[in-house]
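Coordinates from entry-v1.txt are shown below (compact mmCIF, C-alpha atoms).
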```txt
# COMPACT_ATOMS: atom_id res chain seq x y z
CA MET A 1 3.34 113.73 87.17
CA ASN A 2 4.76 110.50 85.76
CA CYS A 3 7.07 107.82 87.16
CA GLU A 4 10.15 109.40 85.61
CA SER A 5 9.47 112.74 87.32
CA VAL A 6 8.93 111.00 90.65
CA GLY A 7 12.31 109.32 90.23
CA GLU A 8 13.92 112.68 89.60
CA LEU A 9 12.18 114.51 92.42
CA ALA A 10 12.09 111.85 95.12
CA ASP A 11 15.20 113.09 96.95
CA LEU A 12 14.02 116.69 97.00
CA TYR A 13 10.65 115.40 98.20
CA LEU A 14 12.29 113.55 101.08
CA TYR A 15 14.25 116.67 101.98
CA GLY A 16 10.99 118.63 101.97
CA GLU A 17 12.36 120.90 99.28
CA LEU A 18 9.64 120.61 96.65
CA GLU A 19 7.22 123.43 96.11
CA SER A 20 3.83 122.61 97.58
CA GLY A 21 2.20 122.03 94.18
CA GLN A 22 4.93 119.62 93.12
CA GLU A 23 4.80 117.83 96.43
CA GLU A 24 1.08 117.33 96.12
CA GLU A 25 1.39 116.05 92.56
CA LEU A 26 4.11 113.61 93.58
CA GLU A 27 2.06 112.30 96.48
CA GLN A 28 -1.01 111.92 94.30
CA HIS A 29 0.96 109.95 91.75
CA ALA A 30 2.61 107.78 94.41
CA HIS A 31 -0.77 107.08 95.98
CA GLY A 32 -1.83 105.29 92.82
CA CYS A 33 1.53 103.82 91.79
CA ALA A 34 3.01 100.96 93.81
CA ALA A 35 6.29 101.07 91.88
CA CYS A 36 6.85 104.72 92.79
CA ARG A 37 5.87 104.16 96.42
CA SER A 38 8.42 101.41 96.57
CA ALA A 39 11.04 103.60 94.84
CA ILE A 40 10.44 106.38 97.38
CA GLU A 41 10.78 103.91 100.26
CA ARG A 42 14.08 102.64 98.83
CA ARG A 43 15.25 106.22 98.56
CA ARG A 44 14.19 106.84 102.16
CA ALA A 45 16.19 103.79 103.25
CA LEU A 46 19.21 105.17 101.43
CA HIS A 47 18.83 108.49 103.26
CA ARG A 48 18.71 106.61 106.55
CA SER A 49 21.86 104.73 105.63
CA LEU A 50 23.59 108.00 104.88
CA ASP A 51 22.66 109.16 108.36
CA THR A 52 24.99 106.56 109.80
CA PHE A 53 27.91 108.50 108.36
CA GLU A 54 28.38 111.20 110.91
CA ALA A 55 31.31 113.33 111.80
CA PRO A 56 33.01 112.31 115.00
CA PRO A 57 31.92 114.34 117.99
CA THR A 58 34.07 117.36 118.64
CA GLY A 59 33.38 117.87 122.30
CA ALA A 60 33.68 116.04 125.53
CA ALA A 61 33.08 112.63 123.99
CA GLY A 62 36.80 112.74 123.49
CA ARG A 63 37.11 111.69 119.91
CA MET A 64 38.70 114.94 118.89
CA PRO A 65 42.35 114.25 119.51
CA PRO A 66 44.03 116.48 122.05
CA GLU A 67 46.26 119.34 121.04
CA PRO A 68 50.02 118.75 121.30
CA VAL A 69 50.99 118.61 124.95
CA SER A 70 53.78 121.11 124.40
CA GLU A 71 51.23 123.88 124.08
CA PRO A 72 50.23 125.87 127.14
CA GLY A 73 46.92 125.19 128.85
CA ARG A 74 43.57 125.37 127.20
CA ARG A 75 43.06 128.68 125.43
CA THR A 76 39.96 130.57 126.23
CA PRO A 77 38.36 133.04 123.87
CA ALA A 78 40.09 135.76 125.91
CA VAL A 79 43.45 134.30 124.94
CA VAL A 80 42.25 134.08 121.37
CA VAL A 81 41.50 137.78 121.45
CA ASP A 82 44.98 138.48 122.81
CA GLU A 83 46.56 136.48 120.04
CA LEU A 84 44.41 138.09 117.41
CA ARG A 85 45.50 141.50 118.64
CA ARG A 86 49.05 140.58 117.72
CA PHE A 87 48.00 139.28 114.34
CA PRO A 88 49.07 141.46 111.39
CA PRO A 89 46.39 143.64 109.83
CA VAL A 90 44.55 142.66 106.67
CA GLY A 91 46.72 143.00 103.59
CA SER A 92 50.00 142.02 105.20
CA ASN A 93 51.58 138.70 104.36
CA GLY A 94 51.02 137.40 107.85
CA PRO A 95 52.87 134.64 109.64
CA GLY A 96 51.04 131.82 107.86
CA ARG A 97 49.28 129.19 109.93
CA VAL A 98 49.09 130.07 113.56
CA ARG A 99 47.57 128.11 116.38
CA ILE A 100 44.92 130.30 117.89
CA PHE A 101 42.52 128.02 119.65
CA ARG A 102 42.69 125.01 121.80
CA ILE A 103 39.62 122.92 121.28
CA ALA A 104 37.64 122.04 124.37
CA GLY A 105 37.61 118.32 124.85
CA MET B 1 16.17 141.28 125.57
CA ALA B 2 15.45 139.25 122.43
CA PRO B 3 18.42 137.04 121.42
CA LYS B 4 18.77 138.66 117.99
CA ILE B 5 18.89 142.16 119.46
CA GLU B 6 21.34 140.98 122.05
CA GLU B 7 23.53 139.53 119.32
CA ALA B 8 23.31 142.71 117.26
CA GLU B 9 24.48 144.70 120.28
CA LEU B 10 27.29 142.25 120.80
CA ILE B 11 28.40 142.65 117.19
CA ARG B 12 28.27 146.44 117.43
CA ALA B 13 30.36 146.23 120.57
CA VAL B 14 32.93 144.08 118.74
CA GLN B 15 32.94 146.63 115.94
CA ARG B 16 33.74 149.32 118.52
CA GLY B 17 36.70 147.23 119.64
CA ASP B 18 35.22 145.55 122.72
CA GLN B 19 37.23 142.37 123.05
CA SER B 20 35.07 140.80 125.73
CA ALA B 21 32.19 141.08 123.28
CA PHE B 22 34.25 139.22 120.71
CA GLU B 23 34.95 136.59 123.32
CA ALA B 24 31.21 136.20 123.93
CA LEU B 25 30.55 136.00 120.20
CA VAL B 26 33.16 133.29 119.78
CA ARG B 27 31.66 131.40 122.70
CA SER B 28 28.19 131.44 121.23
CA TYR B 29 29.27 130.02 117.90
CA ASP B 30 32.47 128.08 118.45
CA GLN B 31 30.94 124.63 118.86
CA SER B 32 28.64 125.00 115.87
CA VAL B 33 31.50 126.29 113.71
CA LEU B 34 33.76 123.47 114.79
CA GLY B 35 30.97 120.95 114.24
CA LEU B 36 30.29 122.28 110.77
CA ALA B 37 33.97 122.20 109.83
CA MET B 38 34.26 118.68 111.21
CA ASN B 39 31.24 117.54 109.24
CA LEU B 40 32.52 119.06 106.06
CA LEU B 41 36.16 118.10 106.31
CA ARG B 42 36.02 114.87 108.34
CA SER B 43 39.47 115.57 109.65
CA PRO B 44 40.04 117.02 113.12
CA GLU B 45 43.24 118.74 112.07
CA ASP B 46 41.69 120.40 109.02
CA ALA B 47 38.57 121.24 111.03
CA ARG B 48 40.67 122.97 113.65
CA ASP B 49 42.52 124.94 111.02
CA ALA B 50 39.24 125.96 109.38
CA TYR B 51 37.76 126.91 112.75
CA GLN B 52 40.72 129.09 113.64
CA GLU B 53 40.86 130.69 110.25
CA ALA B 54 37.13 131.40 110.38
CA PHE B 55 37.26 133.31 113.66
CA LEU B 56 40.39 135.08 112.54
CA ARG B 57 38.54 136.31 109.46
CA VAL B 58 35.56 137.28 111.59
CA TYR B 59 37.82 139.33 113.83
CA LYS B 60 39.56 141.00 110.93
CA ASN B 61 36.44 141.72 108.92
CA ILE B 62 33.64 142.28 111.39
CA HIS B 63 33.92 146.05 110.88
CA SER B 64 32.55 145.42 107.37
CA PHE B 65 29.51 143.48 108.63
CA ARG B 66 26.54 145.70 107.81
CA PHE B 67 23.62 143.61 109.14
CA ASP B 68 22.28 143.08 105.61
CA CYS B 69 22.12 139.36 106.38
CA SER B 70 22.11 137.48 109.66
CA PHE B 71 25.40 137.11 111.45
CA TYR B 72 24.87 133.34 111.27
CA THR B 73 24.71 133.49 107.46
CA TRP B 74 27.76 135.76 107.31
CA LEU B 75 29.75 133.52 109.64
CA TYR B 76 28.74 130.33 107.85
CA ARG B 77 29.68 131.95 104.54
CA ILE B 78 33.17 132.43 105.91
CA VAL B 79 33.36 128.88 107.26
CA THR B 80 32.03 127.26 104.09
CA ASN B 81 34.44 129.28 101.92
CA ILE B 82 37.35 128.11 104.03
CA CYS B 83 36.12 124.51 103.94
CA LEU B 84 35.57 124.70 100.18
CA ASP B 85 39.19 125.79 99.81
CA HIS B 86 40.27 122.79 101.88
CA LEU B 87 38.12 120.42 99.81
CA ARG B 88 39.41 121.88 96.55
CA LYS B 89 43.01 121.54 97.66
CA ARG B 90 42.28 117.96 98.62
CA LYS B 91 40.77 117.28 95.21
CA ILE B 92 43.87 118.67 93.53
CA ARG B 93 46.06 116.51 95.75
CA LYS B 94 43.58 113.62 95.29
CA GLU B 95 43.49 113.22 99.05
CA GLU B 96 40.51 112.04 100.98
CA PRO B 97 41.05 111.12 104.59
CA ALA B 98 39.73 107.63 105.06
CA PHE B 99 40.79 107.75 108.65
CA LEU B 100 40.81 110.25 111.42
CA ASP B 101 44.35 111.44 111.65
CA THR B 102 44.87 112.01 115.32
CA GLY B 103 48.57 112.66 115.10
CA ASP B 104 49.85 109.68 116.99
CA ARG B 105 47.37 107.14 115.73
CA GLN B 106 44.68 106.71 113.15
CA ILE B 107 41.07 105.91 113.85
CA ASP B 108 38.59 104.82 111.27
CA ARG B 109 36.47 107.93 111.05
CA THR B 110 33.10 106.36 111.54
CA TYR B 111 33.90 103.11 113.25
CA ALA B 112 34.54 105.12 116.37
CA ILE B 113 30.88 106.06 116.42
CA GLU B 114 29.45 102.86 115.08
CA GLU B 115 31.30 100.65 117.52
CA ASP B 116 29.15 102.01 120.32
CA ARG B 117 25.94 101.33 118.47
CA ALA B 118 27.01 97.93 117.27
CA ALA B 119 28.67 96.83 120.47
CA GLY B 120 28.19 93.13 120.98
CA ASN B 121 27.19 92.55 117.39
CA PRO B 122 30.26 91.91 115.22
CA GLU B 123 28.25 91.38 112.03
CA ARG B 124 26.47 94.66 112.51
CA SER B 125 29.74 96.38 113.23
CA LEU B 126 31.35 94.96 110.09
CA TRP B 127 28.35 96.03 108.02
CA ASN B 128 28.49 99.53 109.45
CA ARG B 129 32.17 99.81 108.63
CA GLN B 130 31.60 98.64 105.08
CA LEU B 131 28.71 101.02 104.70
CA SER B 132 30.74 103.92 106.06
CA ASP B 133 33.60 103.15 103.70
CA ARG B 134 31.22 103.15 100.76
CA ILE B 135 29.56 106.39 101.85
CA GLY B 136 32.94 108.01 102.30
CA GLU B 137 33.99 106.84 98.86
CA ALA B 138 30.75 108.12 97.30
CA LEU B 139 31.16 111.50 99.04
CA SER B 140 34.68 111.78 97.70
CA GLN B 141 33.32 111.50 94.17
CA LEU B 142 31.32 114.71 94.55
CA THR B 143 32.74 118.03 93.46
CA PRO B 144 33.64 120.29 96.41
CA ARG B 145 30.54 122.39 95.79
CA GLU B 146 28.24 119.37 95.50
CA ARG B 147 29.75 118.00 98.65
CA MET B 148 29.23 121.28 100.44
CA VAL B 149 25.56 121.50 99.45
CA PHE B 150 24.98 117.84 100.26
CA GLU B 151 26.63 118.12 103.65
CA LEU B 152 24.77 121.29 104.54
CA ARG B 153 21.42 119.84 103.50
CA HIS B 154 21.70 116.24 104.59
CA TYR B 155 23.90 116.44 107.65
CA GLN B 156 23.38 119.99 108.86
CA GLY B 157 19.70 120.02 107.96
CA MET B 158 19.83 123.48 106.42
CA ARG B 159 17.16 124.61 103.99
CA LEU B 160 18.25 125.11 100.39
CA ARG B 161 17.31 128.78 100.63
CA THR B 162 19.76 129.26 103.52
CA ILE B 163 22.41 127.23 101.71
CA GLY B 164 21.96 129.49 98.69
CA GLU B 165 22.44 132.56 100.90
CA ILE B 166 25.51 131.12 102.55
CA LEU B 167 27.08 130.10 99.25
CA GLU B 168 25.98 133.36 97.63
CA THR B 169 24.01 131.59 94.96
CA SER B 170 20.32 131.09 94.22
CA GLU B 171 18.10 128.55 95.90
CA GLU B 172 17.56 127.03 92.46
CA ALA B 173 21.30 126.62 91.90
CA ALA B 174 21.64 125.01 95.32
CA LYS B 175 18.74 122.70 94.44
CA ASN B 176 20.41 121.69 91.17
CA CYS B 177 23.62 121.04 93.02
CA LEU B 178 21.83 118.87 95.58
CA PHE B 179 20.10 117.03 92.75
CA ARG B 180 23.45 116.18 91.11
CA ALA B 181 24.94 115.20 94.46
CA THR B 182 22.10 112.83 95.34
CA GLN B 183 22.28 111.28 91.87
CA LYS B 184 25.97 110.57 92.37
CA MET B 185 25.41 109.24 95.87
CA ARG B 186 22.72 106.89 94.57
CA ALA B 187 25.00 105.73 91.79
CA GLY B 188 27.69 105.01 94.35
CA LEU B 189 25.46 103.35 96.95
CA GLY B 190 22.41 102.11 95.09
CA ASP B 191 23.18 98.43 95.55
CA LEU B 192 23.51 98.80 99.31
CA VAL B 193 19.85 99.29 100.13
```
Please express what this file holds, its structure, as structure tokens.
Amino acid sequence: MNCESVGELADLYLYGELESGQEEELEQHAHGCAACRSAIERRRALHRSLDTFEAPPTGAAGRMPPEPVSEPGRRTPAVVVDELRRFPPVGSNGPGRVRIFRIAG
Amino acid sequence: MAPKIEEAELIRAVQRGDQSAFEALVRSYDQSVLGLAMNLLRSPEDARDAYQEAFLRVYKNIHSFRFDCSFYTWLYRIVTNICLDHLRKRKIRKEEPAFLDTGDRQIDRTYAIEEDRAAGNPERSLWNRQLSDRIGEALSQLTPRERMVFELRHYQGMRLRTIGEILETSEEAAKNCLFRATQKMRAGLGDLV
């Protein structure tokens, strides 16, 4: 494996998605190549930075905004089932967007 | 009873029309489905719509589930298809929510998280906001499919093989997609690290 291949495969390596032979070759090359080791570490730092971009929590942390207050109380899956029962069968035009669930929060 | 067998029995019960079984099935997956939709769409409103649509499709189509893949894969296939549609529509409209639209107010979508971590450190907080803006911008440059694969691999931690199954493509195709996505992300963020 050469430096160019390491550059191409470094992300898949960090995700653990290389086949074992490729992974071994990459590690062997990096062991003897300071530039590639450094490139992999930079890539690892980038992955860590990406980790800071997370979706807001959807549960009790409260960052999912509440449903409109005009709606009745929180809908349980049982209510969902009731509403689904009234939903038109597959193939009909249907009523468009319907509010089925209330998200726990 | 082993969880998988228990789930299979639950699914068969739903297929026979047992609504309490459907309720139990929804309960066991609702948070993960909502979390996935939220991760993919980064908009609570769109995530809710996707979540509702997903369980609606499950309810309408579960009779056709034949146990030739795991229920998890089947369900996630439905969710990712719905989310892909949302992402594609957004691309057409050139929309990308930079903020969390909460209806009555807008919240920067990542600052809300970062402010806790960076509390008491304004410089750190500013840096995190800038970083988040740049990551959001880089993500918006991906095609919907690249974004899907990237999100599933990086943020959901799914293996490429599973992603391939969910997206009904090969592991190799998913790998190529991830490769293109990471290249674009590097191009968009390379100077940050």
Q: Compare A:Ala45, A:Leu14, A:Cys36, A:Met1 by their minimum atom-to-atom distance to chain B, counting all atoms listed in the file, and give me the closest one.
A: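 Residue with the minimum atom-to-atom distance to chain B: A:Ala45.
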Q: Please report as a PyMOL selection string which residues of chain B come no farther than 9 Å from chain A, using all atoms listed in the file.
A: chain B and resi 19-20+22-24+26-27+31+34-35+38-45+48-49+51-53+56+59-61+100-103+109-110+112-114+128+131-132+135-136+153-155+157+159-160+175+178-179+182-183+186+189-190+192-193
Those residues you just picked out, can you put them in a file as a short mmCIF file (atom, residue, chain, number, x, y, z; two decimals), keeping the file's coordinate frame with C-alpha atoms?
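Result file again_37.cif:
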```
data_model
loop_
_atom_site.label_atom_id
_atom_site.label_comp_id
_atom_site.auth_asym_id
_atom_site.auth_seq_id
_atom_site.Cartn_x
_atom_site.Cartn_y
_atom_site.Cartn_z
CA GLN B 19 37.23 142.37 123.05
CA SER B 20 35.07 140.80 125.73
CA PHE B 22 34.25 139.22 120.71
CA GLU B 23 34.95 136.59 123.32
CA ALA B 24 31.21 136.20 123.93
CA VAL B 26 33.16 133.29 119.78
CA ARG B 27 31.66 131.40 122.70
CA GLN B 31 30.94 124.63 118.86
CA LEU B 34 33.76 123.47 114.79
CA GLY B 35 30.97 120.95 114.24
CA MET B 38 34.26 118.68 111.21
CA ASN B 39 31.24 117.54 109.24
CA LEU B 40 32.52 119.06 106.06
CA LEU B 41 36.16 118.10 106.31
CA ARG B 42 36.02 114.87 108.34
CA SER B 43 39.47 115.57 109.65
CA PRO B 44 40.04 117.02 113.12
CA GLU B 45 43.24 118.74 112.07
CA ARG B 48 40.67 122.97 113.65
CA ASP B 49 42.52 124.94 111.02
CA TYR B 51 37.76 126.91 112.75
CA GLN B 52 40.72 129.09 113.64
CA GLU B 53 40.86 130.69 110.25
CA LEU B 56 40.39 135.08 112.54
CA TYR B 59 37.82 139.33 113.83
CA LYS B 60 39.56 141.00 110.93
CA ASN B 61 36.44 141.72 108.92
CA LEU B 100 40.81 110.25 111.42
CA ASP B 101 44.35 111.44 111.65
CA THR B 102 44.87 112.01 115.32
CA GLY B 103 48.57 112.66 115.10
CA ARG B 109 36.47 107.93 111.05
CA THR B 110 33.10 106.36 111.54
CA ALA B 112 34.54 105.12 116.37
CA ILE B 113 30.88 106.06 116.42
CA GLU B 114 29.45 102.86 115.08
CA ASN B 128 28.49 99.53 109.45
CA LEU B 131 28.71 101.02 104.70
CA SER B 132 30.74 103.92 106.06
CA ILE B 135 29.56 106.39 101.85
CA GLY B 136 32.94 108.01 102.30
CA ARG B 153 21.42 119.84 103.50
CA HIS B 154 21.70 116.24 104.59
CA TYR B 155 23.90 116.44 107.65
CA GLY B 157 19.70 120.02 107.96
CA ARG B 159 17.16 124.61 103.99
CA LEU B 160 18.25 125.11 100.39
CA LYS B 175 18.74 122.70 94.44
CA LEU B 178 21.83 118.87 95.58
CA PHE B 179 20.10 117.03 92.75
CA THR B 182 22.10 112.83 95.34
CA GLN B 183 22.28 111.28 91.87
CA ARG B 186 22.72 106.89 94.57
CA LEU B 189 25.46 103.35 96.95
CA GLY B 190 22.41 102.11 95.09
CA LEU B 192 23.51 98.80 99.31
CA VAL B 193 19.85 99.29 100.13
#
```
Q | Nearest candidate to Gly164 of chain B (options B:Gln130, B:Thr73, B:Ser125, B:Thr143; using only C-alpha atoms) | A | B:Thr73
(Q) I'd like the interatomic distance between atom CA of Leu167 of chain B and atom CA of Glu146 of chain B, to a tenth of an Å. (A)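 Atom-to-atom, atom CA of Leu167 of chain B and atom CA of Glu146 of chain B are spaced 11.4 Å apart.
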Q | Interatomic distance, atom CA of Glu165 of chain B to atom CA of Ser140 of chain B (Å, one decimal) | A | 24.3 Å
